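K.L.:
First the structure, then my questions, so here it is.
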Amino acid sequence: MKWCRFEAGGQVRYGIVEDETRVTAVDGSPFDTYQVTSTHYSLSDIKLLAPVIPTTFYAGGLNYPVHNQWWADYSGSKLSNRTEPGIGYRTQNAIIAHDEAIVKPRNASDEFQVEGELVVVIGKPAKHVSKADALSYVLGYTIGNDVSQRTWQIEDGSLWRAKNSDTFKPMG
């Protein structure tokens with residue numbers, strides 16, 4: 001089942017994508033109970049939104065050796081031989097939908113990079129979940145982009161501006 005979040009007639013709703021050309025609206029959401037309605041929209045008649053606006057949004061990074069080496073070379077930092085990915089928090093203001101523009105802040109340099117990412121959507125509350133049970137908490141997957149303003153990342157020593165500026169997280 002393919003879910004989407006969309007706007008039609010000034011109203012934001014969830015829907016189920018049918019045959020890549022239309023959406024059937026639902027009352028409710030994929031995170032709770034929902035009822036499939038008899039309301040259908042052509043994909044060309046709606047505005048697709050970011051599929052979710054998460055209450056908590058984490059991102060893993062420096063999670064494979066080639067990337068670790070690249071970051072050490074690029075930033076001039078010491079190579080980290082990580083055994084676990086670095087986990088960071090991302091902000092909701094950075095999330096934008098399909099076909100929305102990434103906006104370069106006025107005071108940013110041209111050192112931008114974009115990385116494609118797999119976005120895992122967790123569908124129910126989870127804490128202290130075993131590895132064996134982890135996938136039972138996954139509602140689904142979507143695609144995302146990780147926009148990085150590398151000058152800020154090096155200068156600030158944090159990812160606050162470098163990865164969380166408005167429009168830096170296209171998703172869906």
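Order determines the names: the first chain of the structure tokens is A, the second B, and so forth; residues in each chain are numbered 1 upward, and ligands are numbered 1 upward as they are shown.
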What's the 10 Å shell around Asp110 of chain A, counting only C-alpha atoms, without same-chain residues fewer than 3 positions away, as a PyMOL selection string?
P.N.:
chain A and resi 104+107+113+149-151
K.L.:
Next, dump the selected residues to file, keeping only N, CA, C and O atoms, as an mmCIF file, in the first residue's frame.
P.N.:
data_model
loop_
_atom_site.group_PDB
_atom_site.id
_atom_site.type_symbol
_atom_site.label_atom_id
_atom_site.label_comp_id
_atom_site.auth_asym_id
_atom_site.auth_seq_id
_atom_site.Cartn_x
_atom_site.Cartn_y
_atom_site.Cartn_z
ATOM 1 N N LYS A 104 18.712 28.563 -0.802
ATOM 2 C CA LYS A 104 20.041 28.850 -0.259
ATOM 3 C C LYS A 104 19.944 30.101 0.621
ATOM 4 O O LYS A 104 19.561 31.171 0.138
ATOM 5 N N ASN A 107 23.394 34.170 3.607
ATOM 6 C CA ASN A 107 24.752 34.213 4.157
ATOM 7 C C ASN A 107 25.504 32.886 4.023
ATOM 8 O O ASN A 107 26.539 32.697 4.642
ATOM 9 N N GLN A 113 26.090 20.268 -0.618
ATOM 10 C CA GLN A 113 26.067 18.913 -1.152
ATOM 11 C C GLN A 113 24.717 18.308 -0.802
ATOM 12 O O GLN A 113 24.130 18.633 0.230
ATOM 13 N N GLN A 149 25.264 22.181 4.108
ATOM 14 C CA GLN A 149 26.034 23.393 3.835
ATOM 15 C C GLN A 149 27.366 23.164 4.547
ATOM 16 O O GLN A 149 27.469 23.325 5.754
ATOM 17 N N ARG A 150 28.352 22.709 3.793
ATOM 18 C CA ARG A 150 29.590 22.196 4.381
ATOM 19 C C ARG A 150 30.418 23.267 5.094
ATOM 20 O O ARG A 150 31.076 22.963 6.096
ATOM 21 N N THR A 151 30.418 24.504 4.609
ATOM 22 C CA THR A 151 31.186 25.548 5.295
ATOM 23 C C THR A 151 30.674 25.711 6.719
ATOM 24 O O THR A 151 31.446 25.763 7.670
#
K.L.:
As a VMD selection string, please: all residues of segment 14-164 of chain A that backbone DSSP puts in helix (DSSP H, G or I).
P.N.:
chain A and resid 43 to 45 65 to 75 92 to 94 131 to 137 150 to 156 160 to 164
K.L.:
Between atom CA of Thr24 of chain A and atom CA of Ser38 of chain A, what is the spacing in Å?
P.N.:
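Atom CA of Ser38 of chain A sits 7.1 Å away from atom CA of Thr24 of chain A.
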K.L.:
If you run DSSP over the backbone, which residues in segment 44-172 of chain A end up strand (DSSP E)? Put them as a VMD selection string.
P.N.:
chain A and resid 47 to 48 58 to 61 86 to 89 95 to 96 112 to 122 138 to 149 169 to 170
K.L.:
Emit the selected residues as a compact mmCIF listing (two decimals), in the first residue's frame, including N, CA and C atoms.
P.N.:
# COMPACT_ATOMS: atom_id res chain seq x y z
N LYS A 47 -1.86 18.66 -4.51
CA LYS A 47 -0.47 19.00 -4.21
C LYS A 47 0.05 17.97 -3.23
N LEU A 48 1.04 17.22 -3.66
CA LEU A 48 1.66 16.27 -2.74
C LEU A 48 2.48 17.04 -1.72
N TYR A 58 15.25 11.72 13.48
CA TYR A 58 16.66 11.40 13.67
C TYR A 58 17.30 11.06 12.33
N ALA A 59 18.60 11.24 12.26
CA ALA A 59 19.34 10.90 11.05
C ALA A 59 20.65 10.24 11.45
N GLY A 60 21.00 9.21 10.71
CA GLY A 60 22.27 8.54 10.93
C GLY A 60 23.27 9.00 9.90
N GLY A 61 24.52 9.10 10.28
CA GLY A 61 25.54 9.53 9.34
C GLY A 61 26.88 8.91 9.64
N GLY A 86 26.83 7.81 13.49
CA GLY A 86 26.54 8.99 14.29
C GLY A 86 25.06 9.32 14.14
N ILE A 87 24.37 9.57 15.22
CA ILE A 87 22.94 9.87 15.16
C ILE A 87 22.75 11.34 15.53
N GLY A 88 22.00 12.05 14.70
CA GLY A 88 21.72 13.45 14.94
C GLY A 88 20.23 13.72 14.84
N TYR A 89 19.83 14.85 15.38
CA TYR A 89 18.44 15.27 15.35
C TYR A 89 18.25 16.24 14.19
N ILE A 95 11.88 20.28 6.52
CA ILE A 95 11.18 19.35 5.64
C ILE A 95 10.37 20.10 4.58
N ILE A 96 10.57 19.70 3.33
CA ILE A 96 9.75 20.19 2.23
C ILE A 96 9.31 19.00 1.38
N PHE A 112 27.57 23.47 -0.98
CA PHE A 112 26.39 22.63 -0.72
C PHE A 112 26.61 21.25 -1.31
N GLN A 113 26.09 20.27 -0.62
CA GLN A 113 26.07 18.91 -1.15
C GLN A 113 24.72 18.31 -0.80
N VAL A 114 24.26 17.43 -1.68
CA VAL A 114 22.98 16.75 -1.46
C VAL A 114 23.24 15.25 -1.55
N GLU A 115 22.72 14.53 -0.57
CA GLU A 115 22.86 13.07 -0.56
C GLU A 115 21.46 12.45 -0.52
N GLY A 116 21.23 11.47 -1.36
CA GLY A 116 19.97 10.73 -1.30
C GLY A 116 19.96 9.86 -0.07
N GLU A 117 18.76 9.71 0.52
CA GLU A 117 18.64 8.92 1.74
C GLU A 117 17.38 8.07 1.73
N LEU A 118 17.45 6.98 2.44
CA LEU A 118 16.28 6.18 2.72
C LEU A 118 15.68 6.71 4.02
N VAL A 119 14.40 7.05 3.99
CA VAL A 119 13.71 7.53 5.18
C VAL A 119 12.83 6.40 5.71
N VAL A 120 13.05 6.02 6.94
CA VAL A 120 12.26 4.96 7.57
C VAL A 120 11.22 5.65 8.45
N VAL A 121 9.94 5.34 8.21
CA VAL A 121 8.85 5.94 8.97
C VAL A 121 8.42 4.95 10.05
N ILE A 122 8.58 5.35 11.29
CA ILE A 122 8.19 4.51 12.43
C ILE A 122 6.71 4.77 12.68
N VAL A 138 8.15 -0.45 11.97
CA VAL A 138 8.29 0.33 10.75
C VAL A 138 6.95 0.36 10.01
N LEU A 139 6.44 1.58 9.78
CA LEU A 139 5.22 1.73 8.99
C LEU A 139 5.53 1.64 7.50
N GLY A 140 6.65 2.24 7.11
CA GLY A 140 7.02 2.22 5.70
C GLY A 140 8.29 3.00 5.45
N TYR A 141 8.53 3.25 4.17
CA TYR A 141 9.75 3.91 3.73
C TYR A 141 9.40 4.97 2.71
N THR A 142 10.22 5.99 2.63
CA THR A 142 10.13 6.98 1.58
C THR A 142 11.54 7.43 1.25
N ILE A 143 11.65 8.36 0.35
CA ILE A 143 12.97 8.86 -0.01
C ILE A 143 13.16 10.26 0.55
N GLY A 144 14.40 10.62 0.75
CA GLY A 144 14.70 11.96 1.23
C GLY A 144 16.02 12.43 0.67
N ASN A 145 16.28 13.67 0.87
CA ASN A 145 17.57 14.25 0.52
C ASN A 145 18.14 14.91 1.76
N ASP A 146 19.43 14.84 1.88
CA ASP A 146 20.13 15.47 2.98
C ASP A 146 20.96 16.59 2.39
N VAL A 147 20.49 17.82 2.54
CA VAL A 147 21.23 18.98 2.06
C VAL A 147 22.20 19.39 3.16
N SER A 148 23.45 19.55 2.78
CA SER A 148 24.48 19.93 3.75
C SER A 148 25.20 21.17 3.27
N GLN A 149 25.26 22.18 4.11
CA GLN A 149 26.03 23.39 3.84
C GLN A 149 27.37 23.16 4.55
N LYS A 169 15.57 19.55 3.87
CA LYS A 169 15.21 18.13 3.95
C LYS A 169 14.04 17.80 3.02
N PRO A 170 14.27 17.81 1.71
CA PRO A 170 13.20 17.36 0.81
C PRO A 170 12.86 15.89 1.10
K.L.:
Which residues are near Lys124 of chain A? Cut-off 10 Å, only C-alpha atoms, ignore same chain within fewer than 4 positions. Put them as a list of chain:residue names.
P.N.:
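With the cut-off at 10 Å, the set is A:Pro30, A:Phe31, A:Asp32, A:Ser136, A:Tyr137, A:Val138, A:Leu139.
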K.L.:
Separation of atom CA of His40 of chain A and atom CA of Ile53 of chain A, in Å?
P.N.:
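For atom CA of His40 of chain A relative to atom CA of Ile53 of chain A, the distance reads 23.1 Å.
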K.L.:
List the spatial neighbours of Gly15 of chain A as a list in words - criterion: any atom at most 10 Å away, only C-alpha atoms, same-chain residues fewer than 5 positions off excluded.
P.N.:
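Residues meeting the cut-off are Lys2, Trp3, Cys4, Arg5, Phe6, Arg22, Val23, Thr24, Ala25, Val26, Asp27, Gly28, Ser29, Pro30, Tyr34, Val36, Thr37, Thr39, His40 and Tyr41 of chain A.
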K.L.:
With distances taken over only C-alpha atoms, which of A:Asp99, A:Tyr64, A:Pro51, A:Ala72 is nearest to Glu84 of chain A?
P.N.:
A:Tyr64
